[in-house]
file upload-v1.cif (mmCIF, N, CA and C atoms)
data_start
#
loop_
_atom_site.label_atom_id
_atom_site.label_comp_id
_atom_site.auth_asym_id
_atom_site.auth_seq_id
_atom_site.Cartn_x
_atom_site.Cartn_y
_atom_site.Cartn_z
N VAL A 1 0.86 -1.17 0.00
CA VAL A 1 0.00 0.00 0.00
C VAL A 1 0.90 1.22 0.00
N LEU A 2 0.68 2.09 -0.94
CA LEU A 2 1.42 3.34 -0.99
C LEU A 2 0.50 4.40 -0.40
N PHE A 3 0.95 5.04 0.64
CA PHE A 3 0.12 5.99 1.37
C PHE A 3 0.87 7.31 1.48
N PRO A 4 0.34 8.40 0.92
CA PRO A 4 1.08 9.67 0.96
C PRO A 4 1.19 10.22 2.38
N VAL A 5 2.39 10.63 2.71
CA VAL A 5 2.66 11.24 4.03
C VAL A 5 3.55 12.45 3.81
N PRO A 6 3.60 13.35 4.79
CA PRO A 6 4.45 14.54 4.65
C PRO A 6 5.94 14.19 4.66
N HIS A 7 6.73 14.97 3.94
CA HIS A 7 8.17 14.77 3.91
C HIS A 7 8.83 15.37 5.15
N LEU A 8 10.11 15.16 5.27
CA LEU A 8 10.85 15.61 6.46
C LEU A 8 11.26 17.07 6.42
N ALA A 9 11.16 17.71 5.26
CA ALA A 9 11.62 19.10 5.13
C ALA A 9 10.55 20.11 5.53
N ARG A 10 9.39 19.65 5.98
CA ARG A 10 8.37 20.60 6.39
C ARG A 10 8.74 21.25 7.71
N ARG A 11 8.05 22.31 8.01
CA ARG A 11 8.33 23.08 9.23
C ARG A 11 8.11 22.24 10.49
N ASP A 12 7.11 21.38 10.48
CA ASP A 12 6.78 20.57 11.67
C ASP A 12 6.74 19.08 11.29
N PRO A 13 7.91 18.47 11.01
CA PRO A 13 7.92 17.09 10.54
C PRO A 13 7.43 16.11 11.61
N ILE A 14 6.90 15.00 11.15
CA ILE A 14 6.47 13.93 12.05
C ILE A 14 7.71 13.24 12.62
N ASP A 15 7.68 12.91 13.88
CA ASP A 15 8.74 12.12 14.50
C ASP A 15 8.45 10.66 14.14
N TRP A 16 8.98 10.21 13.00
CA TRP A 16 8.65 8.89 12.49
C TRP A 16 9.12 7.77 13.39
N ARG A 17 10.21 7.94 14.06
CA ARG A 17 10.69 6.86 14.95
C ARG A 17 9.70 6.65 16.10
N ARG A 18 9.02 7.69 16.45
CA ARG A 18 8.07 7.62 17.57
C ARG A 18 6.65 7.29 17.10
N HIS A 19 6.25 7.78 15.93
CA HIS A 19 4.85 7.69 15.51
C HIS A 19 4.57 6.78 14.32
N ALA A 20 5.55 6.09 13.80
CA ALA A 20 5.33 5.26 12.61
C ALA A 20 4.24 4.23 12.83
N ASP A 21 4.24 3.56 13.97
CA ASP A 21 3.23 2.53 14.22
C ASP A 21 1.82 3.11 14.21
N LEU A 22 1.64 4.29 14.78
CA LEU A 22 0.33 4.93 14.81
C LEU A 22 -0.11 5.31 13.39
N VAL A 23 0.81 5.84 12.58
CA VAL A 23 0.49 6.22 11.20
C VAL A 23 0.10 4.97 10.41
N VAL A 24 0.83 3.88 10.58
CA VAL A 24 0.52 2.63 9.88
C VAL A 24 -0.85 2.12 10.33
N GLU A 25 -1.11 2.17 11.61
CA GLU A 25 -2.41 1.73 12.13
C GLU A 25 -3.56 2.53 11.51
N ARG A 26 -3.40 3.84 11.43
CA ARG A 26 -4.43 4.70 10.82
C ARG A 26 -4.56 4.42 9.32
N MET A 27 -3.43 4.21 8.65
CA MET A 27 -3.45 3.91 7.23
C MET A 27 -4.18 2.60 6.98
N LEU A 28 -3.92 1.58 7.78
CA LEU A 28 -4.59 0.30 7.61
C LEU A 28 -6.09 0.41 7.90
N ALA A 29 -6.47 1.28 8.80
CA ALA A 29 -7.89 1.50 9.09
C ALA A 29 -8.59 2.08 7.85
N VAL A 30 -7.91 2.99 7.16
CA VAL A 30 -8.47 3.57 5.92
C VAL A 30 -8.59 2.47 4.86
N VAL A 31 -7.56 1.66 4.71
CA VAL A 31 -7.59 0.57 3.73
C VAL A 31 -8.74 -0.38 4.06
N ASP A 32 -8.89 -0.72 5.33
CA ASP A 32 -9.94 -1.66 5.74
C ASP A 32 -11.34 -1.09 5.49
N ARG A 33 -11.50 0.22 5.67
CA ARG A 33 -12.81 0.83 5.37
C ARG A 33 -13.12 0.77 3.89
N ARG A 34 -12.10 0.99 3.08
CA ARG A 34 -12.31 1.01 1.63
C ARG A 34 -12.35 -0.37 1.01
N PHE A 35 -11.63 -1.30 1.60
CA PHE A 35 -11.56 -2.68 1.10
C PHE A 35 -11.78 -3.64 2.28
N PRO A 36 -13.02 -3.81 2.71
CA PRO A 36 -13.30 -4.64 3.89
C PRO A 36 -12.67 -6.03 3.78
N GLY A 37 -11.99 -6.42 4.85
CA GLY A 37 -11.36 -7.73 4.93
C GLY A 37 -9.95 -7.80 4.36
N PHE A 38 -9.52 -6.76 3.67
CA PHE A 38 -8.20 -6.79 3.05
C PHE A 38 -7.09 -6.92 4.09
N THR A 39 -7.12 -6.10 5.11
CA THR A 39 -6.03 -6.10 6.08
C THR A 39 -5.96 -7.40 6.88
N ALA A 40 -7.08 -8.11 7.01
CA ALA A 40 -7.08 -9.39 7.72
C ALA A 40 -6.25 -10.44 6.98
N GLN A 41 -6.03 -10.22 5.69
CA GLN A 41 -5.28 -11.18 4.88
C GLN A 41 -3.79 -10.87 4.81
N ILE A 42 -3.36 -9.81 5.43
CA ILE A 42 -1.94 -9.44 5.38
C ILE A 42 -1.13 -10.43 6.21
N GLU A 43 -0.15 -11.04 5.56
CA GLU A 43 0.71 -11.99 6.25
C GLU A 43 2.05 -11.38 6.66
N LEU A 44 2.49 -10.41 5.91
CA LEU A 44 3.77 -9.77 6.18
C LEU A 44 3.66 -8.31 5.79
N SER A 45 4.14 -7.43 6.65
CA SER A 45 4.13 -6.02 6.30
C SER A 45 5.41 -5.36 6.80
N ARG A 46 5.77 -4.30 6.12
CA ARG A 46 6.95 -3.51 6.50
C ARG A 46 6.66 -2.08 6.14
N ALA A 47 6.79 -1.20 7.08
CA ALA A 47 6.57 0.22 6.83
C ALA A 47 7.90 0.87 6.47
N VAL A 48 7.90 1.62 5.39
CA VAL A 48 9.06 2.41 4.99
C VAL A 48 8.62 3.86 5.11
N THR A 49 9.24 4.58 6.03
CA THR A 49 8.86 5.96 6.32
C THR A 49 9.84 6.93 5.64
N PRO A 50 9.54 8.20 5.67
CA PRO A 50 10.49 9.18 5.13
C PRO A 50 11.88 9.09 5.76
N VAL A 51 11.97 8.60 6.99
CA VAL A 51 13.28 8.45 7.64
C VAL A 51 14.14 7.45 6.87
N GLU A 52 13.53 6.31 6.48
CA GLU A 52 14.29 5.32 5.71
C GLU A 52 14.69 5.85 4.34
N TRP A 53 13.79 6.62 3.70
CA TRP A 53 14.14 7.20 2.40
C TRP A 53 15.29 8.20 2.58
N ALA A 54 15.24 9.00 3.64
CA ALA A 54 16.32 9.97 3.88
C ALA A 54 17.63 9.24 4.15
N ASP A 55 17.57 8.13 4.88
CA ASP A 55 18.78 7.33 5.16
C ASP A 55 19.41 6.81 3.87
N GLN A 56 18.61 6.69 2.80
CA GLN A 56 19.13 6.24 1.51
C GLN A 56 19.58 7.41 0.65
N GLY A 57 19.57 8.60 1.23
CA GLY A 57 20.08 9.77 0.52
C GLY A 57 19.04 10.56 -0.25
N LEU A 58 17.75 10.27 -0.06
CA LEU A 58 16.71 10.99 -0.78
C LEU A 58 16.31 12.24 0.01
N ALA A 59 16.50 13.38 -0.59
CA ALA A 59 16.27 14.66 0.07
C ALA A 59 14.86 14.76 0.64
N GLY A 60 14.78 15.20 1.88
CA GLY A 60 13.49 15.39 2.54
C GLY A 60 12.79 14.08 2.87
N GLY A 61 13.45 12.95 2.59
CA GLY A 61 12.83 11.67 2.86
C GLY A 61 11.71 11.33 1.89
N THR A 62 11.79 11.86 0.67
CA THR A 62 10.75 11.59 -0.31
C THR A 62 11.33 10.95 -1.56
N PRO A 63 10.82 9.78 -1.94
CA PRO A 63 11.33 9.14 -3.15
C PRO A 63 10.67 9.66 -4.42
N PHE A 64 9.67 10.54 -4.29
CA PHE A 64 8.89 10.94 -5.44
C PHE A 64 9.13 12.36 -5.90
N SER A 65 10.11 13.03 -5.38
CA SER A 65 10.52 14.37 -5.81
C SER A 65 9.42 15.40 -5.67
N ALA A 66 9.26 16.26 -6.67
CA ALA A 66 8.31 17.37 -6.58
C ALA A 66 6.87 16.86 -6.42
N ALA A 67 6.05 17.67 -5.79
CA ALA A 67 4.66 17.30 -5.55
C ALA A 67 3.84 17.36 -6.83
N HIS A 68 2.68 16.73 -6.80
CA HIS A 68 1.79 16.73 -7.96
C HIS A 68 0.80 17.88 -7.86
N THR A 69 1.32 19.07 -7.64
CA THR A 69 0.48 20.25 -7.63
C THR A 69 0.67 20.97 -8.96
N PHE A 70 -0.25 21.85 -9.30
CA PHE A 70 -0.17 22.55 -10.59
C PHE A 70 1.17 23.24 -10.78
N THR A 71 1.67 23.90 -9.73
CA THR A 71 2.91 24.67 -9.87
C THR A 71 4.15 23.79 -9.91
N GLN A 72 3.99 22.47 -9.77
CA GLN A 72 5.14 21.57 -9.84
C GLN A 72 4.95 20.47 -10.87
N THR A 73 4.10 20.72 -11.87
CA THR A 73 3.89 19.73 -12.92
C THR A 73 4.40 20.25 -14.25
N GLY A 74 4.61 19.32 -15.17
CA GLY A 74 4.99 19.65 -16.54
C GLY A 74 6.04 20.72 -16.66
N PRO A 75 5.71 21.84 -17.32
CA PRO A 75 6.72 22.87 -17.59
C PRO A 75 7.19 23.61 -16.35
N PHE A 76 6.51 23.44 -15.23
CA PHE A 76 6.90 24.14 -14.00
C PHE A 76 7.91 23.33 -13.18
N ARG A 77 8.14 22.08 -13.54
CA ARG A 77 9.14 21.26 -12.84
C ARG A 77 10.53 21.78 -13.18
N PRO A 78 11.55 21.41 -12.40
CA PRO A 78 12.91 21.84 -12.73
C PRO A 78 13.30 21.41 -14.14
N GLN A 79 14.05 22.26 -14.82
CA GLN A 79 14.50 21.95 -16.17
C GLN A 79 15.58 20.89 -16.15
N THR A 80 15.81 20.28 -17.30
CA THR A 80 16.86 19.26 -17.38
C THR A 80 18.25 19.88 -17.34
N ARG A 81 18.38 21.12 -17.82
CA ARG A 81 19.69 21.78 -17.81
C ARG A 81 19.92 22.47 -16.47
N ALA A 82 21.08 22.21 -15.86
CA ALA A 82 21.41 22.83 -14.58
C ALA A 82 21.72 24.30 -14.81
N PRO A 83 21.03 25.21 -14.12
CA PRO A 83 21.30 26.64 -14.33
C PRO A 83 22.72 27.01 -13.91
N GLY A 84 23.42 27.67 -14.81
CA GLY A 84 24.76 28.17 -14.49
C GLY A 84 25.88 27.17 -14.60
N ILE A 85 25.58 25.92 -14.98
CA ILE A 85 26.64 24.91 -15.09
C ILE A 85 26.56 24.29 -16.48
N ASP A 86 27.54 24.60 -17.31
CA ASP A 86 27.55 24.04 -18.66
C ASP A 86 27.70 22.52 -18.61
N ASN A 87 27.02 21.86 -19.50
CA ASN A 87 27.13 20.42 -19.69
C ASN A 87 26.69 19.57 -18.50
N LEU A 88 25.86 20.13 -17.61
CA LEU A 88 25.28 19.32 -16.53
C LEU A 88 23.78 19.26 -16.78
N LEU A 89 23.29 18.05 -17.02
CA LEU A 89 21.89 17.84 -17.32
C LEU A 89 21.30 16.81 -16.36
N PHE A 90 20.05 16.98 -16.07
CA PHE A 90 19.34 16.06 -15.19
C PHE A 90 18.24 15.34 -15.97
N CYS A 91 17.89 14.16 -15.51
CA CYS A 91 16.72 13.49 -16.05
C CYS A 91 16.10 12.70 -14.91
N GLY A 92 14.86 12.35 -15.07
CA GLY A 92 14.18 11.57 -14.05
C GLY A 92 12.89 12.22 -13.62
N ALA A 93 12.31 11.66 -12.57
CA ALA A 93 10.98 12.06 -12.12
C ALA A 93 10.91 13.51 -11.66
N ASN A 94 12.03 14.06 -11.19
CA ASN A 94 11.99 15.42 -10.65
C ASN A 94 12.13 16.49 -11.73
N THR A 95 12.43 16.10 -12.96
CA THR A 95 12.65 17.10 -14.01
C THR A 95 11.48 17.14 -14.97
N GLN A 96 11.53 18.10 -15.88
CA GLN A 96 10.50 18.18 -16.91
C GLN A 96 10.58 16.93 -17.77
N PRO A 97 9.52 16.35 -18.21
CA PRO A 97 8.16 16.81 -18.10
C PRO A 97 7.42 16.32 -16.85
N GLY A 98 7.93 15.33 -16.11
CA GLY A 98 7.22 14.91 -14.92
C GLY A 98 7.50 13.48 -14.53
N VAL A 99 6.58 12.90 -13.75
CA VAL A 99 6.78 11.58 -13.16
C VAL A 99 6.15 10.48 -13.99
N GLY A 100 6.46 9.27 -13.62
CA GLY A 100 5.97 8.10 -14.31
C GLY A 100 7.02 7.64 -15.31
N VAL A 101 7.04 6.35 -15.59
CA VAL A 101 8.05 5.79 -16.48
C VAL A 101 8.07 6.49 -17.84
N PRO A 102 6.91 6.69 -18.50
CA PRO A 102 6.98 7.38 -19.80
C PRO A 102 7.61 8.77 -19.70
N MET A 103 7.24 9.52 -18.69
CA MET A 103 7.77 10.89 -18.57
C MET A 103 9.25 10.88 -18.21
N VAL A 104 9.69 9.91 -17.40
CA VAL A 104 11.11 9.82 -17.07
C VAL A 104 11.91 9.48 -18.32
N LEU A 105 11.37 8.61 -19.17
CA LEU A 105 12.05 8.31 -20.43
C LEU A 105 12.13 9.54 -21.32
N VAL A 106 11.07 10.32 -21.35
CA VAL A 106 11.08 11.56 -22.13
C VAL A 106 12.15 12.50 -21.59
N SER A 107 12.26 12.62 -20.27
CA SER A 107 13.27 13.54 -19.72
C SER A 107 14.67 13.05 -20.06
N GLY A 108 14.88 11.74 -20.07
CA GLY A 108 16.17 11.19 -20.49
C GLY A 108 16.47 11.51 -21.94
N ALA A 109 15.45 11.39 -22.79
CA ALA A 109 15.61 11.72 -24.20
C ALA A 109 15.92 13.20 -24.38
N LEU A 110 15.27 14.06 -23.62
CA LEU A 110 15.55 15.49 -23.70
C LEU A 110 16.98 15.80 -23.29
N ALA A 111 17.45 15.14 -22.23
CA ALA A 111 18.83 15.34 -21.79
C ALA A 111 19.80 14.86 -22.87
N ALA A 112 19.52 13.68 -23.46
CA ALA A 112 20.38 13.15 -24.53
C ALA A 112 20.39 14.08 -25.73
N GLN A 113 19.24 14.64 -26.05
CA GLN A 113 19.15 15.57 -27.18
C GLN A 113 20.01 16.80 -26.93
N ARG A 114 20.02 17.28 -25.73
CA ARG A 114 20.81 18.47 -25.41
C ARG A 114 22.31 18.17 -25.41
N VAL A 115 22.68 16.94 -25.09
CA VAL A 115 24.09 16.56 -25.10
C VAL A 115 24.58 16.35 -26.54
N THR A 116 23.78 15.61 -27.32
CA THR A 116 24.22 15.24 -28.67
C THR A 116 23.89 16.27 -29.74
N GLY A 117 22.88 17.11 -29.47
CA GLY A 117 22.42 18.05 -30.47
C GLY A 117 21.49 17.42 -31.49
N LEU A 118 21.25 16.11 -31.35
CA LEU A 118 20.35 15.41 -32.26
C LEU A 118 18.94 15.42 -31.70
N ARG A 119 17.97 15.58 -32.58
CA ARG A 119 16.58 15.55 -32.15
C ARG A 119 16.14 14.10 -31.98
N THR A 120 15.55 13.77 -30.85
CA THR A 120 15.06 12.41 -30.62
C THR A 120 13.55 12.43 -30.58
N GLU A 121 12.96 11.33 -30.87
CA GLU A 121 11.52 11.17 -30.75
C GLU A 121 11.25 10.46 -29.43
N PHE A 122 11.47 11.18 -28.34
CA PHE A 122 11.19 10.71 -26.99
C PHE A 122 11.83 9.37 -26.67
N GLY A 123 13.11 9.25 -27.05
CA GLY A 123 13.87 8.09 -26.65
C GLY A 123 13.53 6.82 -27.41
N LEU A 124 12.79 6.94 -28.52
CA LEU A 124 12.39 5.74 -29.26
C LEU A 124 13.40 5.37 -30.35
N GLY A 125 14.51 6.10 -30.38
CA GLY A 125 15.59 5.73 -31.30
C GLY A 125 15.52 6.34 -32.68
N ARG A 126 14.59 7.26 -32.94
CA ARG A 126 14.48 7.92 -34.23
C ARG A 126 15.09 9.31 -34.13
N TYR A 127 16.12 9.55 -34.90
CA TYR A 127 16.85 10.81 -34.82
C TYR A 127 16.61 11.67 -36.06
N GLY A 128 16.61 12.96 -35.82
CA GLY A 128 16.45 13.89 -36.93
C GLY A 128 17.62 14.86 -36.94
N PRO A 129 17.57 15.87 -37.81
CA PRO A 129 18.69 16.82 -37.91
C PRO A 129 18.84 17.66 -36.65
#

call {"tool": "encode", "arguments": {"input": "upload-v1.cif", "output": "structure tokens"}}
result
Amino acid sequence: VLFPVPHLARRDPIDWRRHADLVVERMLAVVDRRFPGFTAQIELSRAVTPVEWADQGLAGGTPFSAAHTFTQTGPFRPQTRAPGIDNLLFCGANTQPGVGVPMVLVSGALAAQRVTGLRTEFGLGRYGP
């Protein structure tokens, strides 16, 4: 179950080491209301909190980068070109055009296009002038 929770960079972050069990309990209650009997069938569970994501080097303890709000989608996401640094390009869920495997592939193609100067058709291997 993927359950959205606040990241660690907020002004008043959750003390995950202290409250993880309570958050999981509440999350499972929501799941059980929406899918009666589902949680009774769980044989093994493991909660991964923002603390574990931060321990793996993910900023703010979030594996999903920018939020899915209007001001952080599509053209408003960070650009693939690093401002002020020649030849440094980014790709992935945090860059334009956005999240999801297709969009991450598109961002990789955009970065490759900027490196090679060749036009790509979204990473499908067709090059133009």

call {"tool": "residues_around", "arguments": {"input": "upload-v1.cif", "residues": "region 36-42 of chain A", "least_positions_apart": "6", "cutoff": "12 Å", "atoms": "only C-alpha atoms", "output": "short mmCIF file (atom, residue, chain, number, x, y, z; two decimals) with N, CA and C atoms, in the coordinates of the input"}}
result
data_model
loop_
_atom_site.label_atom_id
_atom_site.label_comp_id
_atom_site.auth_asym_id
_atom_site.auth_seq_id
_atom_site.Cartn_x
_atom_site.Cartn_y
_atom_site.Cartn_z
N VAL A 1 0.86 -1.17 0.00
CA VAL A 1 0.00 0.00 0.00
C VAL A 1 0.90 1.22 0.00
N VAL A 24 0.83 3.88 10.58
CA VAL A 24 0.52 2.63 9.88
C VAL A 24 -0.85 2.12 10.33
N GLU A 25 -1.11 2.17 11.61
CA GLU A 25 -2.41 1.73 12.13
C GLU A 25 -3.56 2.53 11.51
N ARG A 26 -3.40 3.84 11.43
CA ARG A 26 -4.43 4.70 10.82
C ARG A 26 -4.56 4.42 9.32
N MET A 27 -3.43 4.21 8.65
CA MET A 27 -3.45 3.91 7.23
C MET A 27 -4.18 2.60 6.98
N LEU A 28 -3.92 1.58 7.78
CA LEU A 28 -4.59 0.30 7.61
C LEU A 28 -6.09 0.41 7.90
N ALA A 29 -6.47 1.28 8.80
CA ALA A 29 -7.89 1.50 9.09
C ALA A 29 -8.59 2.08 7.85
N VAL A 30 -7.91 2.99 7.16
CA VAL A 30 -8.47 3.57 5.92
C VAL A 30 -8.59 2.47 4.86
#

call {"tool": "atom_distance", "arguments": {"input": "upload-v1.cif", "atom1": "atom C of Val31 (chain A)", "atom2": "atom N of Pro4 (chain A)"}}
result
13.0 Å

call {"tool": "resolve_selection", "arguments": {"input": "upload-v1.cif", "expression": "the PyMOL selection byres (((chain A and resi 77 and name CA) around 7) and name CA)", "output": "PDB file with N, CA and C atoms, keeping the file's coordinate frame"}}
result
ATOM      1  N   GLN A  72       3.990  22.470  -9.770  1.00  0.00           N
ATOM      2  CA  GLN A  72       5.140  21.570  -9.840  1.00  0.00           C
ATOM      3  C   GLN A  72       4.950  20.470 -10.870  1.00  0.00           C
ATOM      4  N   THR A  73       4.100  20.720 -11.870  1.00  0.00           N
ATOM      5  CA  THR A  73       3.890  19.730 -12.920  1.00  0.00           C
ATOM      6  C   THR A  73       4.400  20.250 -14.250  1.00  0.00           C
ATOM      7  N   GLY A  74       4.610  19.320 -15.170  1.00  0.00           N
ATOM      8  CA  GLY A  74       4.990  19.650 -16.540  1.00  0.00           C
ATOM      9  C   GLY A  74       6.040  20.720 -16.660  1.00  0.00           C
ATOM     10  N   PRO A  75       5.710  21.840 -17.320  1.00  0.00           N
ATOM     11  CA  PRO A  75       6.720  22.870 -17.590  1.00  0.00           C
ATOM     12  C   PRO A  75       7.190  23.610 -16.350  1.00  0.00           C
ATOM     13  N   PHE A  76       6.510  23.440 -15.230  1.00  0.00           N
ATOM     14  CA  PHE A  76       6.900  24.140 -14.000  1.00  0.00           C
ATOM     15  C   PHE A  76       7.910  23.330 -13.180  1.00  0.00           C
ATOM     16  N   PRO A  78      11.550  21.410 -12.400  1.00  0.00           N
ATOM     17  CA  PRO A  78      12.910  21.840 -12.730  1.00  0.00           C
ATOM     18  C   PRO A  78      13.300  21.410 -14.140  1.00  0.00           C
ATOM     19  N   GLN A  79      14.050  22.260 -14.820  1.00  0.00           N
ATOM     20  CA  GLN A  79      14.500  21.950 -16.170  1.00  0.00           C
ATOM     21  C   GLN A  79      15.580  20.890 -16.150  1.00  0.00           C
ATOM     22  N   ASN A  94      12.030  14.060 -11.190  1.00  0.00           N
ATOM     23  CA  ASN A  94      11.990  15.420 -10.650  1.00  0.00           C
ATOM     24  C   ASN A  94      12.130  16.490 -11.730  1.00  0.00           C
ATOM     25  N   THR A  95      12.430  16.100 -12.960  1.00  0.00           N
ATOM     26  CA  THR A  95      12.650  17.100 -14.010  1.00  0.00           C
ATOM     27  C   THR A  95      11.480  17.140 -14.970  1.00  0.00           C
ATOM     28  N   GLN A  96      11.530  18.100 -15.880  1.00  0.00           N
ATOM     29  CA  GLN A  96      10.500  18.180 -16.910  1.00  0.00           C
ATOM     30  C   GLN A  96      10.580  16.930 -17.770  1.00  0.00           C
ATOM     31  N   PRO A  97       9.520  16.350 -18.210  1.00  0.00           N
ATOM     32  CA  PRO A  97       8.160  16.810 -18.100  1.00  0.00           C
ATOM     33  C   PRO A  97       7.420  16.320 -16.850  1.00  0.00           C
ATOM     34  N   GLY A  98       7.930  15.330 -16.110  1.00  0.00           N
ATOM     35  CA  GLY A  98       7.220  14.910 -14.920  1.00  0.00           C
ATOM     36  C   GLY A  98       7.500  13.480 -14.530  1.00  0.00           C
TER      37      GLY A  98
END

call {"tool": "resolve_selection", "arguments": {"input": "upload-v1.cif", "expression": "the PyMOL selection byres (((chain A and resi 114 and name CA) around 12) and name CA)", "output": "number ranges by chain"}}
result
A: 79-82, 86-91, 107-113, 115-120

call {"tool": "select_by_dssp", "arguments": {"input": "upload-v1.cif", "residues": "region 3-124 of chain A", "states": "strand (DSSP E or B)", "output": "PyMOL selection string"}}
result
chain A and resi 81+89+119-120

call {"tool": "select_by_dssp", "arguments": {"input": "upload-v1.cif", "residues": "chain A", "states": "alpha helix (DSSP H)", "output": "PyMOL selection string"}}
result
chain A and resi 16-34+50-55+101-116

call {"tool": "atom_distance", "arguments": {"input": "upload-v1.cif", "atom1": "CA of Leu8 (chain A)", "atom2": "CA of Glu52 (chain A)"}}
result
10.9 Å

call {"tool": "atom_distance", "arguments": {"input": "upload-v1.cif", "atom1": "CA of Arg18 (chain A)", "atom2": "CA of Phe35 (chain A)"}}
result
27.6 Å
